[in-house]
file entry_23.cif (mmCIF, C-alpha atoms and all ligand atoms)
data_run
loop_
_atom_site.label_atom_id
_atom_site.label_comp_id
_atom_site.auth_asym_id
_atom_site.auth_seq_id
_atom_site.Cartn_x
_atom_site.Cartn_y
_atom_site.Cartn_z
CA MET A 8 119.24 91.29 115.97
CA SER A 9 122.35 90.61 113.88
CA GLU A 10 120.87 91.10 110.39
CA LYS A 11 122.08 93.99 108.27
CA LYS A 12 119.80 97.03 108.28
CA LEU A 13 117.57 97.62 105.27
CA ARG A 14 118.77 100.80 103.53
CA VAL A 15 115.70 102.70 102.41
CA ALA A 16 114.99 105.60 100.03
CA ILE A 17 111.60 107.26 100.46
CA LEU A 18 110.57 109.10 97.30
CA GLY A 19 107.74 111.52 98.07
CA CYS A 20 108.60 111.58 101.78
CA THR A 21 106.60 114.77 102.46
CA GLY A 22 103.25 113.31 101.38
CA SER A 23 100.69 111.21 103.21
CA ILE A 24 102.30 107.83 102.39
CA GLY A 25 105.83 109.25 102.67
CA LYS A 26 105.26 110.61 106.17
CA GLN A 27 103.74 107.32 107.29
CA ALA A 28 106.73 105.49 105.80
CA LEU A 29 108.99 107.72 107.90
CA ASP A 30 106.93 106.77 110.92
CA VAL A 31 107.45 103.06 110.21
CA CYS A 32 111.21 103.72 109.98
CA ARG A 33 111.07 105.65 113.25
CA GLN A 34 109.51 102.60 114.93
CA HIS A 35 112.10 100.15 113.60
CA PRO A 36 115.47 101.89 113.98
CA LYS A 37 117.26 98.55 114.44
CA ARG A 38 115.92 97.19 111.17
CA VAL A 39 115.85 100.21 108.88
CA GLU A 40 118.29 102.95 107.91
CA VAL A 41 116.89 105.85 105.88
CA VAL A 42 119.55 106.89 103.37
CA ALA A 43 117.68 109.03 100.83
CA LEU A 44 114.59 111.24 100.78
CA SER A 45 112.83 113.27 98.10
CA ALA A 46 110.05 115.83 97.74
CA HIS A 47 108.65 117.98 94.98
CA SER A 48 108.65 121.44 96.56
CA SER A 49 108.11 121.00 100.33
CA THR A 50 111.74 121.71 101.20
CA THR A 51 111.13 122.64 104.84
CA ALA A 52 109.55 119.27 105.66
CA LEU A 53 112.20 117.52 103.56
CA VAL A 54 115.09 119.14 105.44
CA GLU A 55 113.47 118.39 108.78
CA ALA A 56 113.22 114.68 107.92
CA ALA A 57 116.73 114.66 106.42
CA ARG A 58 118.12 116.03 109.70
CA GLU A 59 116.11 113.66 111.87
CA PHE A 60 117.33 110.59 109.95
CA GLY A 61 120.77 111.93 109.02
CA VAL A 62 120.34 110.97 105.37
CA ARG A 63 123.13 111.16 102.81
CA HIS A 64 121.03 112.12 99.77
CA VAL A 65 118.00 114.34 99.24
CA GLY A 66 116.10 115.13 96.04
CA VAL A 67 114.03 118.20 95.16
CA ALA A 68 112.08 117.58 91.95
CA ASP A 69 110.85 121.14 91.40
CA GLU A 70 113.79 123.22 90.14
CA GLU A 71 112.12 126.41 91.34
CA HIS A 72 112.92 125.26 94.87
CA ALA A 73 116.58 124.46 94.17
CA HIS A 74 117.75 127.55 96.04
CA ASP A 75 115.37 127.56 99.01
CA SER A 76 117.43 128.90 101.93
CA VAL A 77 116.29 126.06 104.18
CA LEU A 78 118.40 123.68 102.09
CA ASP A 79 121.49 125.25 103.73
CA GLU A 80 120.45 123.38 106.87
CA LEU A 81 120.82 119.90 105.36
CA PRO A 82 123.11 117.59 107.38
CA SER A 83 126.76 118.08 106.48
CA GLY A 84 127.91 115.87 103.60
CA CYS A 85 124.33 115.35 102.41
CA GLU A 86 124.19 115.40 98.61
CA LEU A 87 121.42 117.44 96.97
CA HIS A 88 119.84 116.18 93.71
CA ILE A 89 117.71 118.69 91.84
CA GLY A 90 115.16 118.51 89.03
CA GLU A 91 112.90 116.06 87.24
CA ARG A 92 115.52 113.28 87.41
CA ALA A 93 116.13 113.68 91.16
CA CYS A 94 113.79 110.87 92.26
CA ALA A 95 115.14 108.47 89.65
CA ASP A 96 118.71 109.31 90.71
CA LEU A 97 117.92 108.38 94.32
CA GLY A 98 116.11 105.20 93.25
CA GLY A 99 119.23 104.02 91.46
CA LEU A 100 121.76 104.74 94.23
CA GLU A 101 124.17 101.93 94.98
CA GLU A 102 123.67 102.33 98.74
CA VAL A 103 119.87 101.78 98.56
CA ASP A 104 118.26 98.34 99.04
CA CYS A 105 114.58 99.29 99.10
CA VAL A 106 112.72 102.19 97.48
CA VAL A 107 109.43 103.36 98.95
CA LEU A 108 107.76 104.87 95.87
CA ALA A 109 105.31 107.38 97.33
CA VAL A 110 105.34 110.03 94.60
CA VAL A 111 101.87 110.91 93.31
CA GLY A 112 100.90 110.68 89.64
CA PHE A 113 102.54 109.72 86.36
CA ALA A 114 105.64 111.68 87.51
CA GLY A 115 106.70 108.57 89.48
CA ILE A 116 107.29 106.42 86.41
CA ASP A 117 110.97 107.28 85.81
CA ALA A 118 111.92 106.51 89.39
CA ALA A 119 109.93 103.27 89.21
CA LEU A 120 111.71 102.00 86.12
CA VAL A 121 115.17 103.10 87.30
CA SER A 122 114.71 101.50 90.74
CA VAL A 123 113.50 98.23 89.27
CA ARG A 124 116.25 98.16 86.65
CA ALA A 125 118.82 98.76 89.41
CA GLY A 126 117.47 95.66 91.20
CA LYS A 127 116.01 97.45 94.24
CA THR A 128 112.99 96.04 96.00
CA VAL A 129 110.15 98.52 95.71
CA ALA A 130 107.41 99.19 98.26
CA TYR A 131 105.14 100.54 95.57
CA ALA A 132 102.40 103.09 96.30
CA ASN A 133 102.48 105.09 93.05
CA LYS A 134 99.54 103.35 91.33
CA GLU A 135 99.36 105.80 88.40
CA SER A 136 102.70 104.60 87.03
CA ILE A 137 101.55 100.96 87.11
CA VAL A 138 98.31 101.87 85.36
CA CYS A 139 100.22 103.72 82.62
CA GLY A 140 103.39 101.67 82.38
CA GLY A 141 102.40 98.20 83.59
CA GLU A 142 103.33 96.68 80.23
CA LEU A 143 106.89 98.00 80.53
CA LEU A 144 107.31 97.45 84.25
CA MET A 145 105.93 93.98 84.91
CA PRO A 146 108.22 92.00 82.57
CA MET A 147 111.28 93.58 84.27
CA LEU A 148 110.46 92.29 87.76
CA ARG A 149 111.90 89.30 89.58
CA PRO A 150 109.44 87.53 91.93
CA GLY A 151 108.92 89.51 95.14
CA GLN A 152 110.78 92.58 93.87
CA LEU A 153 107.66 94.74 93.85
CA VAL A 154 105.49 94.68 96.96
CA PRO A 155 102.34 96.77 96.58
CA VAL A 156 101.52 99.35 99.24
CA ASP A 157 98.02 100.21 98.05
CA SER A 158 95.98 98.55 100.80
CA GLU A 159 93.83 96.42 98.46
CA HIS A 160 96.82 95.18 96.52
CA SER A 161 98.83 94.55 99.64
CA ALA A 162 95.89 92.45 100.84
CA ILE A 163 95.73 90.47 97.61
CA PHE A 164 99.53 90.04 97.58
CA GLN A 165 99.33 88.65 101.12
CA CYS A 166 96.44 86.31 100.22
CA LEU A 167 98.48 84.98 97.29
CA VAL A 168 101.55 83.99 99.33
CA GLY A 169 101.93 80.22 98.80
CA GLU A 170 99.21 80.05 96.12
CA ARG A 171 99.46 79.17 92.41
CA HIS A 172 98.37 81.64 89.74
CA PRO A 173 96.24 79.24 87.62
CA GLU A 174 94.14 78.49 90.69
CA VAL A 175 93.03 82.12 91.15
CA SER A 176 89.58 82.70 89.68
CA ARG A 177 88.60 86.24 90.80
CA LEU A 178 89.82 89.20 92.80
CA TRP A 179 87.44 91.16 95.03
CA LEU A 180 88.66 94.73 95.49
CA THR A 181 86.99 96.35 98.45
CA CYS A 182 85.92 99.98 98.25
CA SER A 183 84.69 102.31 100.98
CA GLY A 184 82.23 103.82 98.50
CA GLY A 185 83.61 107.31 99.15
CA PRO A 186 81.83 110.24 100.79
CA PHE A 187 78.99 110.27 98.22
CA TYR A 188 77.99 106.62 98.39
CA GLY A 189 74.28 106.25 97.54
CA TRP A 190 74.01 109.73 96.00
CA SER A 191 72.24 110.41 92.69
CA LYS A 192 73.88 112.09 89.65
CA GLU A 193 71.73 115.19 90.27
CA ARG A 194 72.94 115.51 93.84
CA LEU A 195 76.57 115.19 92.69
CA LEU A 196 76.15 118.41 90.67
CA GLU A 197 76.31 120.33 93.96
CA VAL A 198 79.50 118.75 95.31
CA THR A 199 82.36 121.14 96.17
CA ALA A 200 86.06 120.35 96.59
CA SER A 201 85.84 120.67 100.36
CA ASP A 202 82.92 118.17 100.50
CA ALA A 203 84.95 115.72 98.43
CA LEU A 204 88.08 116.15 100.52
CA ALA A 205 86.34 114.72 103.60
CA HIS A 206 86.90 110.95 103.20
CA PRO A 207 84.96 108.69 105.61
CA THR A 208 87.73 106.27 106.66
CA TRP A 209 91.19 107.09 105.29
CA SER A 210 93.25 110.29 105.63
CA MET A 211 95.23 110.67 102.40
CA GLY A 212 96.78 113.15 99.96
CA THR A 213 94.34 115.48 98.18
CA LYS A 214 94.60 113.94 94.69
CA ILE A 215 93.73 110.41 95.81
CA THR A 216 91.00 111.71 98.12
CA ILE A 217 89.20 113.23 95.13
CA ASP A 218 89.81 110.02 93.15
CA CYS A 219 88.12 108.10 95.98
CA ALA A 220 85.08 110.36 95.76
CA THR A 221 84.71 109.92 91.96
CA LEU A 222 85.60 106.18 92.22
CA MET A 223 88.40 106.83 89.71
CA ASN A 224 90.66 105.55 92.48
CA LYS A 225 88.90 102.19 92.34
CA GLY A 226 89.11 102.27 88.55
CA LEU A 227 92.87 102.86 88.74
CA GLU A 228 93.07 100.04 91.28
CA VAL A 229 91.29 97.60 88.96
CA LEU A 230 93.93 98.33 86.33
CA GLU A 231 96.71 98.19 88.92
CA ALA A 232 95.49 94.74 90.04
CA HIS A 233 95.21 93.58 86.43
CA HIS A 234 98.91 94.31 85.90
CA LEU A 235 100.23 93.23 89.30
CA PHE A 236 98.38 89.93 89.49
CA ASP A 237 97.85 89.14 85.80
CA VAL A 238 94.07 88.76 86.14
CA ASP A 239 91.55 89.80 83.44
CA ILE A 240 89.69 93.06 84.03
CA ASP A 241 86.36 91.16 83.97
CA ASP A 242 87.55 88.88 86.78
CA ILE A 243 88.25 91.82 89.10
CA ARG A 244 85.09 92.71 91.03
CA VAL A 245 84.61 95.86 93.07
CA LEU A 246 82.88 95.32 96.40
CA VAL A 247 81.57 98.25 98.43
CA HIS A 248 82.49 97.64 102.05
CA ARG A 249 81.91 100.77 104.10
CA GLN A 250 83.87 99.73 107.21
CA SER A 251 87.24 99.30 105.39
CA ARG A 252 88.13 96.32 107.60
CA ILE A 253 88.51 93.77 104.82
CA HIS A 254 91.22 95.20 102.58
CA SER A 255 90.48 92.83 99.66
CA MET A 256 89.95 89.16 98.83
CA VAL A 257 91.06 86.45 96.42
CA GLU A 258 88.67 83.77 95.19
CA PHE A 259 90.15 80.47 94.03
CA VAL A 260 88.88 77.93 91.48
CA ASP A 261 87.50 75.69 94.24
CA GLY A 262 85.28 78.53 95.53
CA SER A 263 87.42 79.25 98.59
CA VAL A 264 87.97 82.91 99.37
CA LYS A 265 90.92 84.36 101.29
CA ALA A 266 90.73 87.87 102.72
CA GLN A 267 93.17 90.11 104.55
CA LEU A 268 91.70 92.19 107.38
CA GLY A 269 93.09 94.72 109.81
CA PRO A 270 93.09 98.31 111.01
CA SER A 271 92.47 101.07 108.43
CA ASP A 272 96.06 102.23 108.77
CA MET A 273 98.36 102.45 105.76
CA ARG A 274 101.44 101.92 107.90
CA ILE A 275 100.75 98.17 107.96
CA ALA A 276 100.90 97.92 104.16
CA ILE A 277 103.88 100.29 103.95
CA GLN A 278 105.75 98.27 106.55
CA TYR A 279 104.96 94.98 104.81
CA GLY A 280 106.39 96.54 101.63
CA MET A 281 109.68 96.89 103.51
CA SER A 282 109.59 93.74 105.65
CA TYR A 283 108.38 91.17 103.07
CA PRO A 284 108.81 88.20 103.26
CA GLN A 285 109.08 88.81 107.02
CA ARG A 286 106.58 90.50 109.30
CA TRP A 287 107.63 93.04 111.90
CA SER A 288 105.73 94.09 115.04
CA ALA A 289 102.57 96.16 114.48
CA PRO A 290 103.16 99.83 113.67
CA CYS A 291 99.70 100.87 114.94
CA GLU A 292 96.76 99.96 117.20
CA ARG A 293 95.23 96.52 116.56
CA VAL A 294 91.52 95.79 116.08
CA ASP A 295 89.54 94.07 118.83
CA TRP A 296 87.28 91.98 116.61
CA CYS A 297 84.88 91.27 119.50
CA LEU A 298 83.96 94.94 119.44
CA GLU A 299 83.46 95.22 115.69
CA PRO A 300 80.01 96.01 114.36
CA SER A 301 78.84 93.84 111.46
CA LEU A 302 80.64 94.02 108.13
CA THR A 303 78.49 94.98 105.14
CA PHE A 304 78.87 94.49 101.38
CA GLY A 305 77.29 96.05 98.33
CA GLU A 306 77.79 96.75 94.66
CA ALA A 307 79.49 99.85 93.24
CA ASP A 308 77.28 102.17 91.18
CA GLU A 309 79.18 102.53 87.90
CA ASN A 310 76.36 104.52 86.30
CA THR A 311 76.45 107.32 88.83
CA PHE A 312 80.21 107.12 89.33
CA GLY A 313 81.16 106.79 85.67
CA CYS A 314 84.92 107.12 86.23
CA LEU A 315 84.99 103.51 87.41
CA ARG A 316 83.28 102.39 84.21
CA LEU A 317 85.64 104.51 82.07
CA ALA A 318 88.67 102.99 83.76
CA ARG A 319 87.40 99.47 83.09
CA GLU A 320 86.86 100.39 79.45
CA ALA A 321 90.38 101.85 79.23
CA GLY A 322 91.77 98.69 80.80
CA LYS A 323 89.95 96.42 78.38
CA THR A 324 91.14 98.40 75.37
CA GLY A 325 94.63 98.55 76.88
CA GLY A 326 97.66 99.97 75.06
CA THR A 327 98.16 103.68 75.67
CA LEU A 328 94.50 104.36 76.57
CA PRO A 329 94.97 103.94 80.37
CA CYS A 330 97.87 106.41 80.18
CA ALA A 331 95.69 108.98 78.38
CA MET A 332 92.84 108.36 80.82
CA ASN A 333 95.16 108.83 83.78
CA ALA A 334 96.58 112.09 82.40
CA ALA A 335 93.08 113.46 81.76
CA ASN A 336 92.09 112.52 85.29
CA GLU A 337 95.17 114.20 86.79
CA VAL A 338 94.31 117.45 84.96
CA ALA A 339 90.58 117.31 85.80
CA ASN A 340 91.18 116.29 89.41
CA ALA A 341 93.58 119.23 89.91
CA ALA A 342 91.11 121.62 88.22
CA PHE A 343 88.33 120.48 90.53
CA ARG A 344 90.57 120.98 93.59
CA ARG A 345 91.16 124.61 92.60
CA ASN A 346 87.41 125.06 91.95
CA ALA A 347 87.97 125.43 88.19
CA CYS A 348 85.33 122.81 87.31
CA GLY A 349 82.53 120.83 88.91
CA PHE A 350 82.70 117.32 90.38
CA VAL A 351 80.82 115.66 87.50
CA ASP A 352 83.01 117.51 84.96
CA ILE A 353 85.92 115.23 85.96
CA GLU A 354 84.14 112.27 84.35
CA ARG A 355 83.14 114.34 81.30
CA ILE A 356 86.72 115.50 80.72
CA VAL A 357 88.14 111.99 81.08
CA ALA A 358 85.50 110.57 78.69
CA ARG A 359 86.20 113.27 76.11
CA VAL A 360 89.97 112.70 76.17
CA MET A 361 89.49 108.93 75.87
CA GLU A 362 87.31 109.44 72.77
CA GLN A 363 89.97 111.63 71.19
CA THR A 364 92.93 109.33 71.89
CA ALA A 365 94.42 107.20 69.11
CA VAL A 366 95.39 104.03 70.98
CA GLU A 367 98.77 102.40 70.36
CA ARG A 368 100.50 99.32 71.75
CA VAL A 369 102.86 100.30 74.59
CA ASP A 370 106.51 99.90 73.63
CA SER A 371 108.56 102.64 75.26
CA LEU A 372 108.71 105.15 78.07
CA GLN A 373 109.09 108.00 75.57
CA GLN A 374 105.84 106.94 73.90
CA LEU A 375 104.07 107.04 77.28
CA ARG A 376 105.55 110.48 78.00
CA ASP A 377 104.23 111.73 74.65
CA CYS A 378 100.83 110.15 75.26
CA ASP A 379 100.67 111.72 78.72
CA ALA A 380 101.60 115.18 77.37
CA GLN A 381 99.09 114.97 74.52
CA ALA A 382 96.27 113.82 76.80
CA ARG A 383 97.00 116.68 79.22
CA GLU A 384 96.69 119.13 76.33
CA LEU A 385 93.38 117.55 75.26
CA ALA A 386 92.15 117.65 78.86
CA ARG A 387 92.94 121.35 79.19
CA LYS A 388 90.90 121.99 76.01
CA ALA A 389 88.08 119.76 77.29
CA LEU A 390 88.10 121.70 80.55
CA VAL A 391 87.38 124.93 78.66
CA GLU A 392 84.69 123.22 76.54
CA VAL A 393 82.75 121.60 79.41
CA LEU A 394 82.53 124.98 81.13
CA GLU A 395 81.09 126.74 78.04
P1 LIG B 401 100.60 113.26 98.55
O1 LIG B 401 100.08 114.29 97.60
O2 LIG B 401 100.24 113.38 99.98
O3 LIG B 401 102.20 113.21 98.45
C1 LIG B 401 102.84 113.13 97.21
C2 LIG B 401 104.35 113.14 97.40
O4 LIG B 401 104.96 113.17 96.10
C3 LIG B 401 104.88 114.40 98.11
O5 LIG B 401 106.06 114.08 98.80
C4 LIG B 401 105.18 115.35 96.94
O6 LIG B 401 106.13 116.36 97.29
C5 LIG B 401 105.74 114.37 95.93
N1 LIG B 401 105.53 114.82 94.55
C6 LIG B 401 104.45 115.43 94.03
N2 LIG B 401 104.62 115.68 92.71
C7 LIG B 401 105.86 115.25 92.41
C8 LIG B 401 106.63 115.26 91.22
N3 LIG B 401 106.18 115.79 90.07
N4 LIG B 401 107.88 114.73 91.25
C9 LIG B 401 108.37 114.20 92.39
N5 LIG B 401 107.68 114.17 93.56
C10 LIG B 401 106.44 114.68 93.56
O7 LIG B 401 100.16 111.85 97.95
P2 LIG B 401 99.85 110.49 98.74
O8 LIG B 401 100.93 110.23 99.73
O9 LIG B 401 98.44 110.49 99.16
O10 LIG B 401 99.95 109.42 97.56
C11 LIG B 401 101.18 108.99 97.01
C12 LIG B 401 100.90 107.82 96.07
O11 LIG B 401 100.42 106.73 96.86
C13 LIG B 401 99.81 108.09 95.03
O12 LIG B 401 100.13 107.46 93.84
C14 LIG B 401 98.56 107.47 95.64
O13 LIG B 401 97.64 107.04 94.68
C15 LIG B 401 99.16 106.28 96.38
N6 LIG B 401 98.35 105.82 97.51
C16 LIG B 401 98.13 106.67 98.55
C17 LIG B 401 97.36 106.26 99.64
C18 LIG B 401 97.17 107.15 100.83
O14 LIG B 401 96.63 106.69 101.83
N7 LIG B 401 97.56 108.40 100.78
C19 LIG B 401 96.77 104.92 99.67
C20 LIG B 401 97.10 104.10 98.53
C21 LIG B 401 97.86 104.55 97.50
P3 LIG B 401 105.65 117.80 97.90
O15 LIG B 401 105.14 117.52 99.27
O16 LIG B 401 106.87 118.61 97.88
O17 LIG B 401 104.57 118.29 96.97
MG MG B 402 93.68 101.63 97.74
#
call {"tool": "encode", "arguments": {"input": "entry_23.cif", "output": "structure tokens", "more": "lines below"}}
Ligand code: NDP
Ligand code: MG
result
Amino acid sequence: MSEKKLRVAILGCTGSIGKQALDVCRQHPKRVEVVALSAHSSTTALVEAAREFGVRHVGVADEEHAHDSVLDELPSGCELHIGERACADLGGLEEVDCVVLAVVGFAGIDAALVSVRAGKTVAYANKESIVCGGELLMPMLRPGQLVPVDSEHSAIFQCLVGERHPEVSRLWLTCSGGPFYGWSKERLLEVTASDALAHPTWSMGTKITIDCATLMNKGLEVLEAHHLFDVDIDDIRVLVHRQSRIHSMVEFVDGSVKAQLGPSDMRIAIQYGMSYPQRWSAPCERVDWCLEPSLTFGEADENTFGCLRLAREAGKTGGTLPCAMNAANEVANAAFRRNACGFVDIERIVARVMEQTAVERVDSLQQLRDCDAQARELARKALVEVLE
């Protein structure tokens, strides 16, 4: 193999997607060189990965961890970047070709914009920043610069290779249904954080696992697809498919439907984010389709799982409303994880913040930052109110 190695930065390397991205790099040492890694506060895991891959730059976003003694064990010559700007600094490094954006939440938006502006290709997992900042981000991209890592969007991206945009009529986003599929609203009142953290098919970070249980994850994904593929919210259908074999589908104007199928393993989508437009050998076990039980389909219940409906509404209104909705969800999701509110309160808090948000057209990152901060404040107040 004579091609130059792809020089990769993995932002959020200590999380679920980040660790799987490291695994992909481990399997393709002749193709990939890891040059930069970041974490928020997990400095021990960060240093371990930095030593394994001999990286030249690491970032620690949480300043409180700037002096962790483990950082003394970084490889010699490795440069340490500290603070809120650390991820963005790594994303803009001259010696990086491809950024794996695996930070969770709105916090990933600076790194996203800096990486794109610096011309890097981005294997993009951080859906929250697309939902909030899609209007800013999408016009900056050259074709193929952003390759989605979210499994549904990776599937759609793959189905669209060689197709023409005007010939797309609908997107079908598949959805496992989450651990409470088929439950009633009354039954959801009893759900605890540990019930919600047990996802039926995917093993993921805690924030997204709760989002999968409320179906807010699917709501965020509808908005993510709307931005990435320039398709109206009403033409993006959610399809409950419990087996998570079909990762999503595209329907064309002639009625043909293309789907992408495969193992329920995020490493395939992460790897494609790095390898596109090529394909590299499989990073995980394949599926023997002869042994597969039947594949089933159903409709999502937006009445019981109201976060999906709220996200659609936010997407249709547009402007800064998705940003406010996302911030409210981040606050409520975190509160639920620390047992500070109930499962159904997440939806109530998000709804309340959406009602109280004055929607503006998106025109700058600073405006989104302000909107995010304001919505977090409203969500903290709503959290107190729903518990009264
Ligand atoms: P995790 O919570 O497992 O990991 C998040 C990573 O981001 C960690 O490395 C964490 O560091 C870092 N991080 C957290 N907060 C900040 C911050 N404020 N600034 C900088 N870095 C930060 O999340 P996941 O890996 O599950 O998800 C990452 C993204 O990918 C999310 O947007 C999610 O929606 C998306 N995604 C995830 C999927 C999955 O299977 N997990 C599937 C599809 C999409 P530290 O460890 O130090 O806290
Ligand atoms: Mg997904």
call {"tool": "residues_near_ligand", "arguments": {"input": "entry_23.cif", "ligand": "ligand LIG 401 (chain B)", "cutoff": "7 Å", "atoms": "all atoms listed in the file", "output": "PDB file with C-alpha atoms, keeping the file's coordinate frame"}}
result
ATOM      1  CA  LEU A  18     110.570 109.100  97.300  1.00  0.00           C
ATOM      2  CA  GLY A  19     107.740 111.520  98.070  1.00  0.00           C
ATOM      3  CA  CYS A  20     108.600 111.580 101.780  1.00  0.00           C
ATOM      4  CA  THR A  21     106.600 114.770 102.460  1.00  0.00           C
ATOM      5  CA  GLY A  22     103.250 113.310 101.380  1.00  0.00           C
ATOM      6  CA  SER A  23     100.690 111.210 103.210  1.00  0.00           C
ATOM      7  CA  ILE A  24     102.300 107.830 102.390  1.00  0.00           C
ATOM      8  CA  GLY A  25     105.830 109.250 102.670  1.00  0.00           C
ATOM      9  CA  SER A  45     112.830 113.270  98.100  1.00  0.00           C
ATOM     10  CA  ALA A  46     110.050 115.830  97.740  1.00  0.00           C
ATOM     11  CA  HIS A  47     108.650 117.980  94.980  1.00  0.00           C
ATOM     12  CA  SER A  48     108.650 121.440  96.560  1.00  0.00           C
ATOM     13  CA  SER A  49     108.110 121.000 100.330  1.00  0.00           C
ATOM     14  CA  THR A  50     111.740 121.710 101.200  1.00  0.00           C
ATOM     15  CA  ALA A  68     112.080 117.580  91.950  1.00  0.00           C
ATOM     16  CA  GLU A  91     112.900 116.060  87.240  1.00  0.00           C
ATOM     17  CA  CYS A  94     113.790 110.870  92.260  1.00  0.00           C
ATOM     18  CA  ALA A 109     105.310 107.380  97.330  1.00  0.00           C
ATOM     19  CA  VAL A 110     105.340 110.030  94.600  1.00  0.00           C
ATOM     20  CA  VAL A 111     101.870 110.910  93.310  1.00  0.00           C
ATOM     21  CA  GLY A 112     100.900 110.680  89.640  1.00  0.00           C
ATOM     22  CA  ALA A 114     105.640 111.680  87.510  1.00  0.00           C
ATOM     23  CA  GLY A 115     106.700 108.570  89.480  1.00  0.00           C
ATOM     24  CA  ALA A 132     102.400 103.090  96.300  1.00  0.00           C
ATOM     25  CA  ASN A 133     102.480 105.090  93.050  1.00  0.00           C
ATOM     26  CA  LYS A 134      99.540 103.350  91.330  1.00  0.00           C
ATOM     27  CA  GLU A 135      99.360 105.800  88.400  1.00  0.00           C
ATOM     28  CA  VAL A 156     101.520  99.350  99.240  1.00  0.00           C
ATOM     29  CA  ASP A 157      98.020 100.210  98.050  1.00  0.00           C
ATOM     30  CA  SER A 158      95.980  98.550 100.800  1.00  0.00           C
ATOM     31  CA  TRP A 209      91.190 107.090 105.290  1.00  0.00           C
ATOM     32  CA  SER A 210      93.250 110.290 105.630  1.00  0.00           C
ATOM     33  CA  MET A 211      95.230 110.670 102.400  1.00  0.00           C
ATOM     34  CA  GLY A 212      96.780 113.150  99.960  1.00  0.00           C
ATOM     35  CA  THR A 213      94.340 115.480  98.180  1.00  0.00           C
ATOM     36  CA  LYS A 214      94.600 113.940  94.690  1.00  0.00           C
ATOM     37  CA  ILE A 215      93.730 110.410  95.810  1.00  0.00           C
ATOM     38  CA  MET A 273      98.360 102.450 105.760  1.00  0.00           C
TER      39      MET A 273
END
call {"tool": "residues_near_ligand", "arguments": {"input": "entry_23.cif", "ligand": "ligand MG 402 (chain B)", "cutoff": "8 Å", "atoms": "all atoms listed in the file", "output": "number ranges by chain"}}
result
A: 157-160, 182, 224-225, 228
call {"tool": "residues_around", "arguments": {"input": "entry_23.cif", "residues": "Val294 in chain A", "least_positions_apart": "4", "cutoff": "12 Å", "atoms": "all atoms listed in the file", "output": "number ranges by chain"}}
result
A: 252-253, 268-272, 289, 298-300
call {"tool": "closest_residue", "arguments": {"input": "entry_23.cif", "among": "A:Ser183, A:Thr51, A:Gln381, A:Asn346", "to": "Thr199 in chain A", "atoms": "all atoms listed in the file"}}
result
A:Asn346
call {"tool": "closest_residue", "arguments": {"input": "entry_23.cif", "among": "A:Ala28, A:Ala266, A:Leu87, A:Val41", "to": "Phe164 in chain A", "atoms": "all atoms listed in the file"}}
result
A:Ala266
call {"tool": "residues_around", "arguments": {"input": "entry_23.cif", "residues": "Leu230 in chain A", "least_positions_apart": "2", "cutoff": "8 Å", "atoms": "only C-alpha atoms", "output": "PDB file with C-alpha atoms, in the coordinates of the input"}}
result
ATOM      1  CA  VAL A 138      98.310 101.870  85.360  1.00  0.00           C
ATOM      2  CA  GLY A 226      89.110 102.270  88.550  1.00  0.00           C
ATOM      3  CA  LEU A 227      92.870 102.860  88.740  1.00  0.00           C
ATOM      4  CA  GLU A 228      93.070 100.040  91.280  1.00  0.00           C
ATOM      5  CA  ALA A 232      95.490  94.740  90.040  1.00  0.00           C
ATOM      6  CA  HIS A 233      95.210  93.580  86.430  1.00  0.00           C
ATOM      7  CA  HIS A 234      98.910  94.310  85.900  1.00  0.00           C
ATOM      8  CA  ILE A 240      89.690  93.060  84.030  1.00  0.00           C
ATOM      9  CA  ALA A 318      88.670 102.990  83.760  1.00  0.00           C
ATOM     10  CA  ARG A 319      87.400  99.470  83.090  1.00  0.00           C
ATOM     11  CA  GLY A 322      91.770  98.690  80.800  1.00  0.00           C
TER      12      GLY A 322
END
call {"tool": "atom_distance", "arguments": {"input": "entry_23.cif", "atom1": "CA of Phe304 in chain A", "atom2": "CA of Trp179 in chain A"}}
result
11.2 Å
call {"tool": "atom_distance", "arguments": {"input": "entry_23.cif", "atom1": "CA of Phe312 in chain A", "atom2": "CA of Val366 in chain A"}}
result
24.0 Å
call {"tool": "closest_residue", "arguments": {"input": "entry_23.cif", "among": "A:Ser122, A:Asn333, A:Ser83, A:Ser191", "to": "Asp96 in chain A", "atoms": "all atoms listed in the file"}}
result
A:Ser122
call {"tool": "atom_distance", "arguments": {"input": "entry_23.cif", "atom1": "CA of Ser251 in chain A", "atom2": "CA of Tyr283 in chain A"}}
result
22.8 Å
call {"tool": "closest_residue", "arguments": {"input": "entry_23.cif", "among": "A:Val357, A:Val103, A:Val245, A:Val77", "to": "Arg63 in chain A", "atoms": "all atoms listed in the file"}}
result
A:Val103
call {"tool": "residues_around", "arguments": {"input": "entry_23.cif", "residues": "Ala95 in chain A", "least_positions_apart": "4", "cutoff": "7 Å", "atoms": "only C-alpha atoms", "output": "PDB file with C-alpha atoms, keeping the file's coordinate frame"}}
result
ATOM      1  CA  GLY A  99     119.230 104.020  91.460  1.00  0.00           C
ATOM      2  CA  ASP A 117     110.970 107.280  85.810  1.00  0.00           C
ATOM      3  CA  ALA A 118     111.920 106.510  89.390  1.00  0.00           C
ATOM      4  CA  VAL A 121     115.170 103.100  87.300  1.00  0.00           C
TER       5      VAL A 121
END
call {"tool": "closest_residue", "arguments": {"input": "entry_23.cif", "among": "A:Leu394, A:Leu144, A:Val264, A:Phe350", "to": "Ser201 in chain A", "atoms": "all atoms listed in the file"}}
result
A:Phe350
call {"tool": "residues_near_point", "arguments": {"input": "entry_23.cif", "point": "(106.1, 88.0, 102.5)", "cutoff": "12 Å", "atoms": "all atoms listed in the file", "output": "list in words"}}
result
Pro150, Gly151, Gln152, Leu153, Val154, Pro155, Ser161, Ala162, Ile163, Phe164, Gln165, Cys166, Leu167, Val168, Gly169, Ala276, Gln278, Tyr279, Gly280, Met281, Ser282, Tyr283, Pro284, Gln285, Arg286 and Trp287 of chain A
